[in-house]
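Written out below as structure tokens is the structure these notes cover.
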Amino acid sequence: MVLLKRDPAESWRTHASTGRAVILEYRERLRDTEQGSAVDLVPHALIEDGDAGPWDAVPGQEDGGGPGQHVALLDAIVEQFENAMPPGTGELRLPRFHTCRAALDVPVGAGPTATRRRRLRDALYVQLLLRRPLLNALAGLAGATGGNFVAAIWGSLVQLLVVGLPRRVYGLWLSRRSALRWVGSRRPKGANFLQMALTITPTGTSRSNHALVQRMLLMALLNDLSRAAAPSWPLVHRARRRWPFVLLLPDVGGEGTPVRQLLDTYADIARTERPAPLMILGALSDEPPSYAQTLAADSRSVTALADRVHGLYTARSSSAVYVVPLSAHDDDGPADHWWDTNPKVPVRANGWADYAWVVAVPAVVLVLVAGGLYVSTRTTAPSCHKVSTGETVGITDGHECRFGVPGRDTDLLALEEIAARQNDAAVHSGRPYRTVVFFAPLTAEVGDSTPVSIQSLRGALAAQAEINSREGDVVQIRLLIANAGQYFAYGSRNDRGPDVARQIIERQDRDGIVAVVGITQSRPASLAAVEELSDANIPVIGNSVTGSRMVDERHPPTYFQVSPSNDRIGQVMAEFAAQSEELAELTTPKDGGRTAVVVYDPYDEFFSSDLRSKFAEYYKGGKVVTVSYYEHRNQDVKAVAQEICGKVRASGGFILYAGRSGEMPELFDTLDKGPDCNKEDGKPVAVFAESVAARYLQDPAGTLREHPHLKPFYVTLNNSNGATRPGSRYSEFISRFRKVFGPVPVPEGNAAGAYDALRLTSESITSIYGLNKSSQGGGASVRPGDVLQQLSNGVRNFSGTSGMLSLDSGHRYPPNKAVYVMEPQTDGSVRTLLACGLLPDRPTGLNNPATWGGGPTSKHKCPMDAG
């Protein structure tokens, strides 16, 4: 995207070629006017603020007379693209855009969600008929019936086959087709387009969210343009222009103007999505956007700037926005001469190979169909499935299958070996046992960082070993491992592959499953999995889960967690950020305080965005500014790092990382290597985080060594400084953890949380077993409903390694949960800077400190949960 800006000229000069004039003249070069009537050579559109329409004159207001400026501009672009297709190129089809656009105008009325969804589907199918003449003709044929009974029966049958069945299939396509999956990908129930589209109908809950509607429509259009520009699979080697579509903006005004809002939306999309086959050329009439980079002119060469612009396109630099300054002086003679001798853009003509493929394609299709009849031999156990990402997901006891890939997932493979041995010992111990499932995302695609859930699995296996080694009438634990795949993609009902939650439910009776622990992530997909388990009345005890949505008033009825919510964590982080002497040494107060540069994912509503909002609510130490950094999306990490460092240098503040741990290593590496974060005072940049990459937690010294320009601080849910104290629950945990895994680094909060979750579950199982054994006089049953009832009735002051835990039906997470702030040291140790809440390693009366900090003059009040 290139924006032209004309430098101010001397007062006595007259501009002949303003930025607007350049855009308008360039448009003429996209059309051939030598043959009489103009013929378009390139599909293009020219848009100005006036194309937004007369309605909605005040940004942010909606008028029933029109779709609104945010939609009207896109309507104008689409109309011009469709009318500007060059001769011989066929019709421009934009199915995604027209489907999303039609949803805006469908009155679905009131009633149950399923009824409104069917009304929406039927209305969208009518629009499809208008775009598909053959389907429309068949529908018309079905409606033409005679007047006798036989004709009526025949007509009904035809109506069912050519109208009812296609409409039903179209509804399934809308709900499950990958081409529209991105629309609903942020919803807890999965990527269902119809469910999301209901929210943008005239009475929908998101209809007034202009930014969301415009982004959705623009993304749909860009997807359609990418599909239109790409050759079909037999023509993948056919040469194509890099920018088949051109959007011209002759007047890009200030913030809030319709064209500028559209430009802002496109720039945000370009940062995270794949480059679209769209060249945008605009002329600035106001200040450039803050996200735009200026290409400086080189006084030593008159062609240097033009060469740099040309290089942007040849290098596919489509994810950035560039400002190109035009000279204050009019073009000289050579420039005018070039313009006159290059009247229009070159267009590639069809060659013989383009026509030869028409004959070759049917033969190729026959060969592929014949090859597709081959059925491969099944290589994985029925409970495990290899999915399109290369991961293996499902359930295993350690023997049934392996989720880890040899040579890459060494840690996971070792844990599966331990699980197999410990499960064999539990089953053959001669003592009663029950099965608990550890359920979490344990694998990632090649190149991505190791999931922190691996450390949680270690904690659960350590707890299993400790429980099964006890003497007395203790019910043994058999621990199944369930892998939901990266981002919990296969944890629940989905249209991509297996449903691991359903597999757990189906094995409930066969394996004697009484509870599920783990989860470890707050996201729509994990909540959907918990809801599915809850529908089967299976209790779920989460660890490392902090998102507010997981435990608010809409929580699944069988869900509990041993971790605090983001509300408490946000409170603690805000208190430390405002009062910490360690942060004060690395920051410069400005505007009355120290500025927090919060890095977060605005689309990650369950965790990152939630933590940002909680921190901002409680932080009183200075200003809060934000930088967007997205999870698992294509984005220019270097540009994000530059923006972060620029705001840190300008404010003298610190980085508050509210993103996911999996995205942390790439950003940290980029921040440290770039020159922008090298502060003038030579001090490192303070980074305060809640979710930390697994390798940073396990190797504190390595973290500091790899990133000398960063100084990390992080929140954890146990006092993982390695210090041992007689009688300390955490000291016991370290000893038992290393008994299973050897002399490994000090286990941190993820391991401690899973350890507590399984121990708490085991206490409930053993208690129920003892009660039922006494009443039944023999073999005692323990069912999921019994464990759920025990948890709902209340667990009081459970002495956990991560703190004192109390849970019941009114407290789905522990009140006043222990929270710590740690500082890694160069010798590999970690230092505890803050410890607040019901602590596990202090004597009674001192285990709920009122203050934190060093000496008497640096004591600060510990945040407490309300009530």
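In the structure tokens, chains take the letters A, B, ... in the order shown, each chain's residues start at 1, and ligands count up from 1 in the order shown.
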As number ranges by chain, please: the residues near region 388-393 of chain A (cut-off 6 Å, only C-alpha atoms, same-chain neighbours under 2 positions excluded).
A: 384-386, 403, 483-485
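Every residue of region 651-690 of chain A with a DSSP assignment of strand (DSSP E), taken from the backbone, is listed as Phe654, Ile655, Leu656, Tyr657, Val685, Ala686, Val687, Phe688 and Ala689 of chain A.
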Give me every alpha helix (DSSP H) residue in region 626-662 of chain A, going by DSSP on the backbone, as a PyMOL selection string.
chain A and resi 637-651
Please report the interatomic distance between CA of Leu413 (chain A) and CA of Glu690 (chain A) in Å with one decimal.
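Taking CA of Leu413 (chain A) and CA of Glu690 (chain A), their separation equals 27.8 Å.
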Using only C-alpha atoms, the shortest atom-to-atom distance to Tyr600 (chain A) among A:Lys614, A:Tyr657, A:Arg117, A:Val562 belongs to A:Tyr657
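The smallest atom-to-atom distance between Gln579 (chain A) and any of A:Gln127, A:Gly88, A:Gly853, A:His210, using only C-alpha atoms, is found for A:Gly853.
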What is the CA of Asp756 (chain A) to CA of Thr801 (chain A) distance in Å?
6.5 Å
For a quick check of understanding, using only C-alpha atoms, which of A:Phe245, A:Tyr26, A:Phe737, A:Phe607 has the smallest distance to Phe81 (chain A)?
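Ranking A:Phe245, A:Tyr26, A:Phe737, A:Phe607 by distance to Phe81 (chain A), first place goes to A:Phe245.
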For region 838-847 of chain A, list every protein, DNA or RNA residue within 12 Å, evaluated using only C-alpha atoms, and leave out those in the same chain fewer than 4 positions away; present the list as JSON, numbers by chain.
{"A": [564, 717, 718, 719, 720, 723, 724, 725, 726, 727, 728, 729, 730, 731, 732, 733, 752, 756, 797, 798, 799, 800, 801, 802, 803, 804, 805, 806, 814, 815, 816, 817, 818, 819, 820, 834, 851, 862, 863, 864, 865]}
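Proximity ranking of A:Lys638, A:His399, A:Lys590, A:Arg458 relative to Lys623 (chain A) places A:Lys590 first, based on only C-alpha atoms.
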Nearest residue to Ala596 (chain A) out of A:Arg831, A:Arg431, A:Arg568, A:Lys620, using only C-alpha atoms?
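So, comparing all the options, the nearest one is A:Lys620.
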Using only C-alpha atoms, the shortest atom-to-atom distance to Glu466 (chain A) among A:Tyr755, A:Phe576, A:Tyr125, A:Phe713 belongs to A:Tyr755
Set the distance at 9 Å and use only C-alpha atoms: which residues neighbour Asp610 (chain A) once local chain neighbours fewer than 3 positions away are removed? I'd like the list as a PyMOL selection string.
chain A and resi 547-549+566-567+602+604-607+613-615+658
Would you work out the distance separating CA of Arg796 (chain A) from CA of Asp808 (chain A), expressed in Å to one decimal?
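Answer for the CA of Arg796 (chain A) to CA of Asp808 (chain A) separation: 8.4 Å.
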